[in-house]
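Here is data-v2.cif, consisting of mmCIF, C-alpha atoms and all ligand atoms:
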data_final
loop_
_atom_site.label_atom_id
_atom_site.label_comp_id
_atom_site.auth_asym_id
_atom_site.auth_seq_id
_atom_site.Cartn_x
_atom_site.Cartn_y
_atom_site.Cartn_z
CA MET A 1 66.24 142.00 60.05
CA VAL A 2 67.73 139.68 62.66
CA LYS A 3 65.61 140.42 65.70
CA SER A 4 67.84 139.49 68.58
CA LEU A 5 71.00 141.31 67.54
CA LYS A 6 73.21 142.31 70.46
CA ILE A 7 75.55 145.17 69.62
CA VAL A 8 78.51 146.67 71.51
CA VAL A 9 79.52 150.30 70.87
CA THR A 10 82.85 151.75 72.04
CA GLY A 11 83.57 155.46 72.53
CA ALA A 12 79.92 155.89 73.54
CA SER A 13 80.04 159.63 74.30
CA GLY A 14 81.45 160.61 70.91
CA PHE A 15 79.52 162.41 68.19
CA ILE A 16 78.84 159.43 65.92
CA ALA A 17 78.31 157.05 68.84
CA LYS A 18 75.63 159.29 70.37
CA ASN A 19 73.73 159.48 67.09
CA LEU A 20 74.16 155.76 66.47
CA ARG A 21 73.10 154.69 69.98
CA LYS A 22 69.94 156.78 69.72
CA TYR A 23 69.13 155.22 66.33
CA LEU A 24 69.78 151.67 67.55
CA SER A 25 67.79 152.18 70.71
CA GLU A 26 64.83 153.41 68.62
CA LYS A 27 65.14 150.16 66.68
CA ASN A 28 64.94 148.23 69.97
CA VAL A 29 68.42 146.81 69.46
CA ASP A 30 69.97 145.21 72.53
CA LEU A 31 72.86 147.59 73.14
CA ILE A 32 75.98 147.62 75.33
CA SER A 33 77.89 150.88 75.26
CA ILE A 34 81.37 151.52 76.64
CA SER A 35 82.81 154.88 77.60
CA ARG A 36 85.58 156.28 79.79
CA SER A 37 83.11 158.40 81.71
CA GLU A 38 79.51 158.51 82.90
CA PHE A 39 76.79 159.06 80.26
CA LYS A 40 73.01 158.86 80.04
CA ASN A 41 71.80 155.60 78.60
CA PHE A 42 68.91 155.02 76.17
CA ASN A 43 66.25 152.31 76.24
CA TYR A 44 67.58 148.76 75.90
CA GLU A 45 71.08 150.01 76.63
CA THR A 46 73.54 148.66 79.18
CA LYS A 47 76.45 150.91 80.01
CA ILE A 48 80.00 150.06 80.92
CA ILE A 49 82.36 152.69 82.26
CA SER A 50 86.04 151.92 81.97
CA LYS A 51 88.91 154.37 81.51
CA ASN A 52 91.27 151.94 79.82
CA TYR A 53 88.88 149.29 78.48
CA ASN A 54 89.76 146.97 81.33
CA GLU A 55 89.19 143.34 80.37
CA LYS A 56 88.08 142.42 83.89
CA ILE A 57 85.24 144.94 83.77
CA ILE A 58 84.23 144.44 80.15
CA LEU A 59 84.62 140.81 79.09
CA GLU A 60 81.85 139.21 81.15
CA LYS A 61 79.35 141.89 80.14
CA ILE A 62 79.90 141.75 76.38
CA LYS A 63 80.21 137.96 76.19
CA ASN A 64 78.32 136.44 73.25
CA SER A 65 77.31 139.75 71.73
CA ASP A 66 77.04 139.67 67.95
CA VAL A 67 78.75 142.79 66.65
CA LEU A 68 81.14 145.40 68.03
CA ILE A 69 81.19 148.90 66.53
CA HIS A 70 84.50 150.54 67.36
CA LEU A 71 84.12 154.33 67.48
CA VAL A 72 87.12 155.30 69.58
CA GLY A 73 89.58 157.54 67.77
CA ILE A 74 91.60 160.75 68.03
CA GLY A 75 92.57 163.27 65.34
CA LYS A 76 95.00 165.29 67.40
CA GLN A 77 97.81 163.98 69.59
CA SER A 78 99.70 165.15 72.64
CA VAL A 79 102.57 163.83 74.77
CA ASN A 80 100.04 161.94 76.90
CA THR A 81 97.84 160.51 74.17
CA ASP A 82 99.23 159.69 70.78
CA TYR A 83 97.85 158.07 67.64
CA ASP A 84 99.63 154.75 68.17
CA MET A 85 98.22 154.41 71.69
CA ILE A 86 94.62 155.20 70.85
CA ASN A 87 94.04 154.59 67.16
CA THR A 88 96.17 151.47 66.84
CA ASP A 89 96.90 149.86 70.22
CA LEU A 90 93.45 150.37 71.71
CA THR A 91 91.95 148.91 68.53
CA LYS A 92 94.20 145.87 68.95
CA HIS A 93 92.98 145.53 72.54
CA VAL A 94 89.33 145.84 71.48
CA VAL A 95 89.84 143.23 68.74
CA ASN A 96 91.23 140.85 71.38
CA LEU A 97 88.29 141.52 73.68
CA SER A 98 85.93 140.80 70.80
CA LYS A 99 87.59 137.49 70.02
CA LYS A 100 87.60 136.42 73.66
CA SER A 101 83.93 137.28 74.05
CA LYS A 102 82.95 135.38 70.88
CA ILE A 103 81.80 138.44 68.99
CA THR A 104 81.78 137.57 65.29
CA LYS A 105 81.93 140.93 63.57
CA ILE A 106 83.68 144.30 64.01
CA ILE A 107 82.74 147.56 62.33
CA TYR A 108 85.38 150.30 62.30
CA LEU A 109 85.53 153.93 61.19
CA SER A 110 88.93 154.58 59.68
CA GLY A 111 89.51 157.70 57.55
CA LEU A 112 89.29 158.83 53.94
CA GLY A 113 92.87 158.96 52.69
CA VAL A 114 94.08 155.88 54.59
CA SER A 115 96.10 153.68 52.24
CA PRO A 116 99.15 151.40 52.30
CA ILE A 117 101.26 154.16 50.74
CA THR A 118 100.35 156.96 53.14
CA SER A 119 103.16 158.83 54.89
CA LEU A 120 100.96 160.68 57.40
CA GLY A 121 101.17 159.60 61.06
CA TYR A 122 97.40 159.88 61.58
CA PHE A 123 96.61 157.72 58.54
CA ILE A 124 99.37 155.23 59.41
CA SER A 125 97.80 154.69 62.84
CA LYS A 126 94.39 154.15 61.21
CA TYR A 127 95.92 151.86 58.57
CA ASN A 128 97.53 149.76 61.32
CA ALA A 129 94.17 149.64 63.12
CA GLU A 130 92.55 148.39 59.91
CA ARG A 131 95.23 145.67 59.68
CA GLN A 132 94.49 144.54 63.25
CA ILE A 133 90.86 144.12 62.31
CA ILE A 134 91.44 142.46 58.92
CA ASP A 135 94.01 140.04 60.38
CA SER A 136 91.75 139.13 63.32
CA GLY A 137 89.86 136.52 61.35
CA LEU A 138 86.56 138.08 62.44
CA ASP A 139 84.08 139.42 59.91
CA PHE A 140 84.52 143.13 59.45
CA THR A 141 83.33 146.24 57.70
CA ILE A 142 85.76 149.13 57.57
CA PHE A 143 84.41 152.52 56.57
CA ARG A 144 86.68 155.37 55.48
CA PRO A 145 84.73 158.57 56.14
CA SER A 146 85.11 162.09 54.83
CA TYR A 147 83.51 164.75 57.08
CA ILE A 148 80.45 163.38 58.88
CA VAL A 149 78.18 166.30 59.67
CA GLY A 150 75.01 166.86 61.67
CA LYS A 151 74.09 168.61 64.87
CA ASP A 152 77.20 169.11 67.02
CA ASP A 153 79.84 167.53 64.84
CA LEU A 154 83.36 168.85 65.37
CA PHE A 155 83.77 170.27 61.86
CA SER A 156 80.53 172.33 62.01
CA LYS A 157 81.25 173.35 65.62
CA HIS A 158 84.60 174.67 64.48
CA LEU A 159 83.00 176.70 61.67
CA LYS A 160 80.24 177.99 63.99
CA LYS A 161 82.83 179.11 66.51
CA GLN A 162 84.61 181.11 63.82
CA MET A 163 81.31 182.60 62.65
CA LYS A 164 80.69 183.90 66.16
CA SER A 165 83.94 185.82 65.91
CA GLY A 166 82.67 187.34 62.65
CA GLU A 167 85.15 185.68 60.34
CA ILE A 168 85.82 182.24 58.86
CA LYS A 169 89.38 181.55 57.80
CA ILE A 170 90.21 179.47 54.77
CA PRO A 171 93.76 178.08 54.75
CA GLY A 172 95.37 178.57 51.34
CA SER A 173 93.23 178.64 48.20
CA GLY A 174 90.23 176.74 49.55
CA LYS A 175 90.06 174.90 46.23
CA TYR A 176 90.62 171.46 47.79
CA SER A 177 87.43 169.46 48.07
CA ILE A 178 85.42 167.58 50.70
CA GLN A 179 82.59 165.04 50.43
CA PRO A 180 80.48 165.65 53.51
CA ILE A 181 78.02 162.95 54.56
CA TYR A 182 75.00 163.40 56.78
CA VAL A 183 75.16 161.63 60.15
CA SER A 184 71.61 160.24 59.81
CA ASP A 185 72.70 158.42 56.65
CA VAL A 186 75.86 157.24 58.39
CA VAL A 187 74.05 155.61 61.32
CA LYS A 188 71.64 153.92 58.91
CA ILE A 189 74.52 152.41 56.93
CA ILE A 190 76.39 151.33 60.05
CA PHE A 191 73.24 149.57 61.25
CA GLU A 192 72.72 147.89 57.86
CA SER A 193 76.30 146.67 57.97
CA THR A 194 75.73 144.98 61.33
CA TRP A 195 73.44 142.37 59.80
CA GLN A 196 73.63 142.42 56.01
CA PRO A 197 76.26 139.94 54.74
CA LYS A 198 76.91 142.05 51.62
CA PHE A 199 78.90 144.46 53.81
CA ASN A 200 81.12 141.70 55.18
CA ASN A 201 84.89 141.92 54.79
CA LYS A 202 84.84 145.12 52.78
CA ILE A 203 86.55 148.50 53.01
CA ILE A 204 84.14 151.21 51.88
CA ASP A 205 84.55 154.98 51.52
CA LEU A 206 81.92 156.75 53.62
CA VAL A 207 81.37 159.85 51.50
CA GLY A 208 78.29 161.84 50.59
CA PRO A 209 76.92 162.69 47.13
CA ASP A 210 78.43 166.21 47.00
CA ASN A 211 82.02 166.80 46.02
CA VAL A 212 82.53 170.43 46.90
CA THR A 213 85.45 172.78 47.45
CA PHE A 214 86.08 173.89 51.01
CA GLU A 215 85.56 177.49 49.89
CA LYS A 216 82.12 176.74 48.40
CA TYR A 217 81.14 174.77 51.49
CA VAL A 218 82.12 177.58 53.85
CA LYS A 219 80.27 180.16 51.75
CA LEU A 220 77.05 178.15 51.92
CA PHE A 221 77.60 177.35 55.59
CA SER A 222 77.71 181.04 56.48
CA LYS A 223 75.11 182.21 53.94
CA GLY A 224 72.70 184.84 55.24
CA THR A 225 75.05 185.93 58.04
CA LYS A 226 77.46 188.83 58.14
CA THR A 227 80.47 186.49 58.44
CA LYS A 228 83.54 187.54 56.51
CA ILE A 229 85.48 184.84 54.73
CA ARG A 230 89.22 185.36 54.67
CA LYS A 231 91.87 183.29 52.96
CA ILE A 232 94.92 182.92 55.15
CA ASN A 233 98.42 182.08 54.08
CA LEU A 234 99.03 178.33 54.31
CA GLU A 235 102.49 178.78 55.83
CA ASN A 236 100.96 180.87 58.61
CA ALA A 237 98.22 178.29 59.18
CA TYR A 238 100.80 175.50 59.54
CA HIS A 239 103.05 177.67 61.70
CA ASN A 240 100.14 178.34 64.03
CA ALA A 241 99.20 174.66 64.13
CA ILE A 242 102.78 173.70 65.01
CA ILE A 243 103.32 176.20 67.81
CA ASN A 244 99.79 176.39 69.29
CA SER A 245 97.91 173.22 70.29
CA LYS A 246 94.67 175.23 70.41
CA SER A 247 94.98 176.75 66.94
CA ASP A 248 91.86 176.88 64.71
CA PHE A 249 93.25 174.18 62.44
CA GLY A 250 95.37 171.35 63.86
CA ILE A 251 98.24 169.96 61.78
CA ASP A 252 96.29 166.93 60.67
CA ASP A 253 93.15 169.00 60.02
CA LEU A 254 95.27 170.89 57.51
CA ASN A 255 96.89 167.73 56.13
CA ILE A 256 93.50 166.14 55.54
CA LEU A 257 92.07 169.25 53.86
CA ILE A 258 95.09 169.90 51.67
CA GLY A 259 95.37 166.16 50.91
CA ASP A 260 92.18 166.61 48.84
CA PHE A 261 91.24 162.94 49.13
CA LYS A 262 88.44 161.61 46.93
CA GLY A 263 86.10 158.79 47.88
CA ASP A 264 83.86 156.54 45.82
CA HIS A 265 80.28 157.56 46.58
CA LYS A 266 78.87 155.40 43.76
CA LYS A 267 80.23 152.24 45.38
CA LEU A 268 78.70 153.19 48.73
CA SER A 269 75.39 154.07 47.11
CA LYS A 270 75.30 150.79 45.17
CA ILE A 271 76.07 148.56 48.12
CA SER A 272 73.84 150.35 50.65
CA GLU A 273 70.88 151.12 48.33
CA ILE A 274 70.20 154.12 50.55
CA LYS A 275 68.92 157.42 49.15
CA PHE A 276 71.51 159.84 50.50
CA GLN A 277 70.73 163.35 51.59
CA SER A 278 72.84 166.05 49.99
CA VAL A 279 74.56 167.98 52.76
CA MET A 280 74.61 171.03 50.47
CA ASP A 281 70.78 170.79 50.14
CA LEU A 282 70.48 170.44 53.91
CA LEU A 283 72.65 173.53 54.39
CA GLN A 284 70.73 175.48 51.75
CA SER A 285 67.40 174.73 53.40
CA GLY A 286 68.70 175.37 56.92
CA ARG A 287 67.97 171.80 58.03
CA LEU A 288 71.54 170.78 58.87
CA LEU A 289 72.36 172.88 61.89
N1 LIG B 301 83.33 162.65 62.57
C1 LIG B 301 83.97 162.55 61.42
O1 LIG B 301 83.77 163.35 60.49
C2 LIG B 301 84.96 161.44 61.20
C3 LIG B 301 85.67 161.40 59.99
C4 LIG B 301 86.59 160.37 59.79
C5 LIG B 301 86.79 159.40 60.75
N2 LIG B 301 86.07 159.46 61.92
C6 LIG B 301 86.31 158.42 62.93
O2 LIG B 301 85.10 157.96 63.50
C7 LIG B 301 85.30 157.64 64.87
C8 LIG B 301 84.29 158.39 65.72
O3 LIG B 301 84.38 159.77 65.42
P1 LIG B 301 83.58 160.91 66.20
O4 LIG B 301 83.43 162.04 65.24
O5 LIG B 301 82.39 160.37 66.87
O6 LIG B 301 84.70 161.33 67.24
P2 LIG B 301 84.56 161.86 68.74
O7 LIG B 301 83.30 162.61 68.92
O8 LIG B 301 85.83 162.57 69.04
O9 LIG B 301 84.47 160.53 69.58
C9 LIG B 301 85.55 159.67 69.74
C10 LIG B 301 85.44 158.97 71.07
O10 LIG B 301 86.63 158.22 71.27
C11 LIG B 301 86.81 158.04 72.66
N3 LIG B 301 88.18 158.41 73.03
C12 LIG B 301 88.82 159.57 72.75
N4 LIG B 301 90.03 159.58 73.32
C13 LIG B 301 90.14 158.41 74.00
C14 LIG B 301 91.14 157.85 74.83
N5 LIG B 301 92.28 158.49 75.08
N6 LIG B 301 90.91 156.63 75.38
C15 LIG B 301 89.76 155.98 75.13
N7 LIG B 301 88.76 156.47 74.38
C16 LIG B 301 88.95 157.66 73.81
C17 LIG B 301 85.85 158.97 73.39
O11 LIG B 301 84.75 158.21 73.90
P3 LIG B 301 84.29 158.32 75.45
O12 LIG B 301 84.37 159.79 75.79
O13 LIG B 301 82.91 157.80 75.44
O14 LIG B 301 85.24 157.50 76.22
C18 LIG B 301 85.37 159.90 72.27
O15 LIG B 301 84.10 160.40 72.53
C19 LIG B 301 86.75 158.02 65.20
O16 LIG B 301 87.58 156.89 65.08
C20 LIG B 301 87.10 159.00 64.09
O17 LIG B 301 88.48 159.02 63.80
C21 LIG B 301 85.17 160.46 62.17
#
Can the structure from this file be put into structure tokens for me?
Ligand SMILES: NC(=O)c1ccc[n+]([C@@H]2O[C@H](COP(=O)([O-])OP(=O)(O)OC[C@H]3O[C@@H](n4cnc5c(N)ncnc54)[C@H](OP(=O)(O)O)[C@@H]3O)[C@@H](O)[C@H]2O)c1
Amino acid sequence: MVKSLKIVVTGASGFIAKNLRKYLSEKNVDLISISRSEFKNFNYETKIISKNYNEKIILEKIKNSDVLIHLVGIGKQSVNTDYDMINTDLTKHVVNLSKKSKITKIIYLSGLGVSPITSLGYFISKYNAERQIIDSGLDFTIFRPSYIVGKDDLFSKHLKKQMKSGEIKIPGSGKYSIQPIYVSDVVKIIFESTWQPKFNNKIIDLVGPDNVTFEKYVKLFSKGTKTKIRKINLENAYHNAIINSKSDFGIDDLNILIGDFKGDHKKLSKISEIKFQSVMDLLQSGRLL
């Protein structure tokens, strides 16, 4: 491994960023992490706090770093914060900061289902972010993840919250599938992609070895508890998502589930040469949560 790698991470307080920063700090990587608000730093980690990724605050500090890992993103929008602003425009800004500070590579987490023919606003914003990165002339690796799970991920938190109420709801048939991937595998791959040239200038699906229906996943998730599983009418689920910003499933949560997108795990496995953990095995053995 290249010993003196200097890595910048954006969106430092997020789920993946927290796991990644811990992993990198354990590897003694020289780390600079950027967040909108105060956070506790690890060993070998410099922190930068900036609400709007202000160039004046950031540029001098990240100058001559090697790689930037961009982990800012939103999956739900409001009148104050929409997909274009955060997923696309902030990515453009971060790409410009990277170029000005002579960073040579960007790693970005897009989304499984992003494609040039998508008609979904969320995916369009991620697609346009991908374009910003590809057109930047910098080296890049773009990952398109399915559900990344581990301790405290949003998807599991959402299911746990429902379990507490005694019932998990499945919108529609529950026959659409997901390919969950374990966060420990994800941070390993992201790290590998910071220094291994074989990851350069590629778009790779970030999906685990299991391809499982949502219904099967939920059943295993709640195994051994008294949780009821109830299928709810899809029209009602969408209606709720449209009229209530705090509904169990947001509009794009539903779109992504029902979209039933499939990723290429074999390609990921071949390029990374990592032995992936099966999230279903982790759930079965109680080691996931
Ligand atoms: N987790 C998954 O299963 C999954 C699946 C597909 C794609 N992804 C993508 O992977 C990336 C990281 O995901 P995650 O699960 O770690 O998400 P997360 O926990 O929600 O973290 C995203 C981070 O983005 C930053 N952010 C949010 N709103 C912002 C705003 N208005 N202005 C500036 N920064 C803002 C925040 O960082 P600070 O609070 O530190 O400022 C936040 O912690 C995202 O781009 C996401 O779309 C994740």
Per residue of chain A within 9 Å of ligand LIG 301 (chain B), what are the shortest atom pair and its distance in Å to one decimal, counting only C-alpha atoms and all ligand atoms, with rows by chain and residue number, as CSV?
residue,atom,partner,partner_atom,distance
A:Thr10,CA,B:LIG301,O13,6.9
A:Gly11,CA,B:LIG301,O11,3.3
A:Ala12,CA,B:LIG301,O13,4.0
A:Ser13,CA,B:LIG301,O13,3.6
A:Gly14,CA,B:LIG301,O15,3.1
A:Phe15,CA,B:LIG301,O5,3.8
A:Ile16,CA,B:LIG301,O5,3.8
A:Ala17,CA,B:LIG301,O5,5.6
A:Lys18,CA,B:LIG301,O5,7.7
A:Asn19,CA,B:LIG301,O5,8.7
A:Ser33,CA,B:LIG301,O13,8.6
A:Ile34,CA,B:LIG301,O13,6.6
A:Ser35,CA,B:LIG301,O13,3.6
A:Arg36,CA,B:LIG301,O14,3.8
A:Ser37,CA,B:LIG301,O14,6.0
A:Glu38,CA,B:LIG301,O13,8.2
A:Phe39,CA,B:LIG301,O13,7.9
A:Ile49,CA,B:LIG301,O14,8.2
A:Ser50,CA,B:LIG301,O14,8.1
A:Lys51,CA,B:LIG301,C15,6.6
A:Asn52,CA,B:LIG301,C15,6.4
A:Tyr53,CA,B:LIG301,C15,7.5
A:His70,CA,B:LIG301,O16,7.4
A:Leu71,CA,B:LIG301,C7,4.4
A:Val72,CA,B:LIG301,O10,3.4
A:Gly73,CA,B:LIG301,O16,3.4
A:Ile74,CA,B:LIG301,O17,5.5
A:Gly75,CA,B:LIG301,O17,6.1
A:Asn80,CA,B:LIG301,N5,8.7
A:Thr81,CA,B:LIG301,N5,6.0
A:Asp82,CA,B:LIG301,N5,8.3
A:Met85,CA,B:LIG301,N5,8.0
A:Ile86,CA,B:LIG301,N5,5.8
A:Asn87,CA,B:LIG301,O16,7.2
A:Leu90,CA,B:LIG301,C15,7.5
A:Tyr108,CA,B:LIG301,O16,7.5
A:Leu109,CA,B:LIG301,O2,4.7
A:Ser110,CA,B:LIG301,C5,5.4
A:Gly111,CA,B:LIG301,C5,4.5
A:Leu112,CA,B:LIG301,C4,6.6
A:Lys126,CA,B:LIG301,O17,8.1
A:Phe143,CA,B:LIG301,C5,8.4
A:Arg144,CA,B:LIG301,C4,6.6
A:Pro145,CA,B:LIG301,C4,4.5
A:Ser146,CA,B:LIG301,C3,5.2
A:Tyr147,CA,B:LIG301,O1,3.7
A:Ile148,CA,B:LIG301,O1,3.7
A:Val149,CA,B:LIG301,O1,6.4
A:Asp153,CA,B:LIG301,N1,6.4
A:Leu154,CA,B:LIG301,N1,6.8
A:Phe155,CA,B:LIG301,O1,7.1
A:Pro180,CA,B:LIG301,O1,8.1
A:Ile181,CA,B:LIG301,O1,8.3
A:Val183,CA,B:LIG301,N1,8.6
A:Leu206,CA,B:LIG301,C4,8.5
With distances taken over only C-alpha atoms, which residue among A:Gly250, A:Gly121, A:Pro209, A:Gly224 lies nearest Gln179 (chain A)?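 Checking each candidate against Gln179 (chain A), we get A:Pro209 as the closest.
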Please provide the set of residues having any atom within 10 Å of Pro116 (chain A), restricted to all atoms listed in the file, with same-chain residues fewer than 3 positions apart removed, written as a PyMOL selection string. chain A and resi 113+119+123-124+127-128
Counting only C-alpha atoms, what is within 10 Å of region 167-172 of chain A, bar same-chain residues fewer than 6 positions away, as a list in words? His158, Leu159, Lys160, Lys161, Phe214, Glu215, Val218, Lys219, Ser222, Lys226, Thr227, Lys228, Ile229, Arg230, Lys231, Ile232, Asn233, Leu234, Glu235, Asn236, Ala237, Tyr238, Asp248, Phe249, Leu254, Leu257 and Ile258 of chain A
Rank A:Met280, A:Met163, A:Leu220, A:Ile274 by their smallest atom-to-atom distance to Lys188 (chain A), using only C-alpha atoms, and report the top residue only. A:Ile274
Have a look at CA of Lys275 (chain A) and CA of Lys22 (chain A) and let me know their distance in Å, one decimal.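 If I compute the distance from CA of Lys275 (chain A) to CA of Lys22 (chain A), I get 20.6 Å.
A straight line drawn from CA of Ser177 (chain A) to CA of Lys202 (chain A) is 24.9 Å long.
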Point-to-point distance in Å for CA of Ser285 (chain A) and CA of Lys223 (chain A):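 Separating CA of Lys223 (chain A) from CA of Ser285 (chain A) is a distance of 10.8 Å.
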With only C-alpha atoms counted, which protein, DNA or RNA residues have an atom no more than 6 Å from (72.4, 162.4, 50.4) in the file frame? Please answer as number ranges by chain. A: 208-209, 276-278
If we draw a sphere of 9 Å around (82.5, 144.5, 54.3), which residues have at least one atom in it when counting all atoms listed in the file? Please report them as an NGL selection string. :A and (107 or 139-143 or 193 or 197-204)
Would you save the residues from that selection as a PDB file, in the frame of the given file, using C-alpha atoms?
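Output contents, as saved in out-v6.pdb:
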ATOM      1  CA  ILE A 107      82.740 147.560  62.330  1.00  0.00           C
ATOM      2  CA  ASP A 139      84.080 139.420  59.910  1.00  0.00           C
ATOM      3  CA  PHE A 140      84.520 143.130  59.450  1.00  0.00           C
ATOM      4  CA  THR A 141      83.330 146.240  57.700  1.00  0.00           C
ATOM      5  CA  ILE A 142      85.760 149.130  57.570  1.00  0.00           C
ATOM      6  CA  PHE A 143      84.410 152.520  56.570  1.00  0.00           C
ATOM      7  CA  SER A 193      76.300 146.670  57.970  1.00  0.00           C
ATOM      8  CA  PRO A 197      76.260 139.940  54.740  1.00  0.00           C
ATOM      9  CA  LYS A 198      76.910 142.050  51.620  1.00  0.00           C
ATOM     10  CA  PHE A 199      78.900 144.460  53.810  1.00  0.00           C
ATOM     11  CA  ASN A 200      81.120 141.700  55.180  1.00  0.00           C
ATOM     12  CA  ASN A 201      84.890 141.920  54.790  1.00  0.00           C
ATOM     13  CA  LYS A 202      84.840 145.120  52.780  1.00  0.00           C
ATOM     14  CA  ILE A 203      86.550 148.500  53.010  1.00  0.00           C
ATOM     15  CA  ILE A 204      84.140 151.210  51.880  1.00  0.00           C
TER      16      ILE A 204
END
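Of the residues under consideration (A:Gln77, A:Thr91, A:Asn96, A:Asp30), A:Asn96 shows the shortest atom-to-atom contact distance to Leu59 (chain A) when counting all atoms listed in the file.
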Nearest to Lys266 (chain A) among A:Ile242, A:Gly150, A:Asp205, A:Asn64, with distances taken over all atoms listed in the file: which residue is it?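 For Lys266 (chain A), the nearest of the given residues is A:Asp205.
Among the candidates A:Thr213, A:Gln132, A:Gln284, A:Ser65, the residue lying nearest to Ser101 (chain A) is A:Ser65 (atoms considered: all atoms listed in the file).
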Nearest-residue call for His265 (chain A), choices A:Thr88, A:Thr46, A:Asn211, A:Ser173, using all atoms listed in the file: A:Asn211
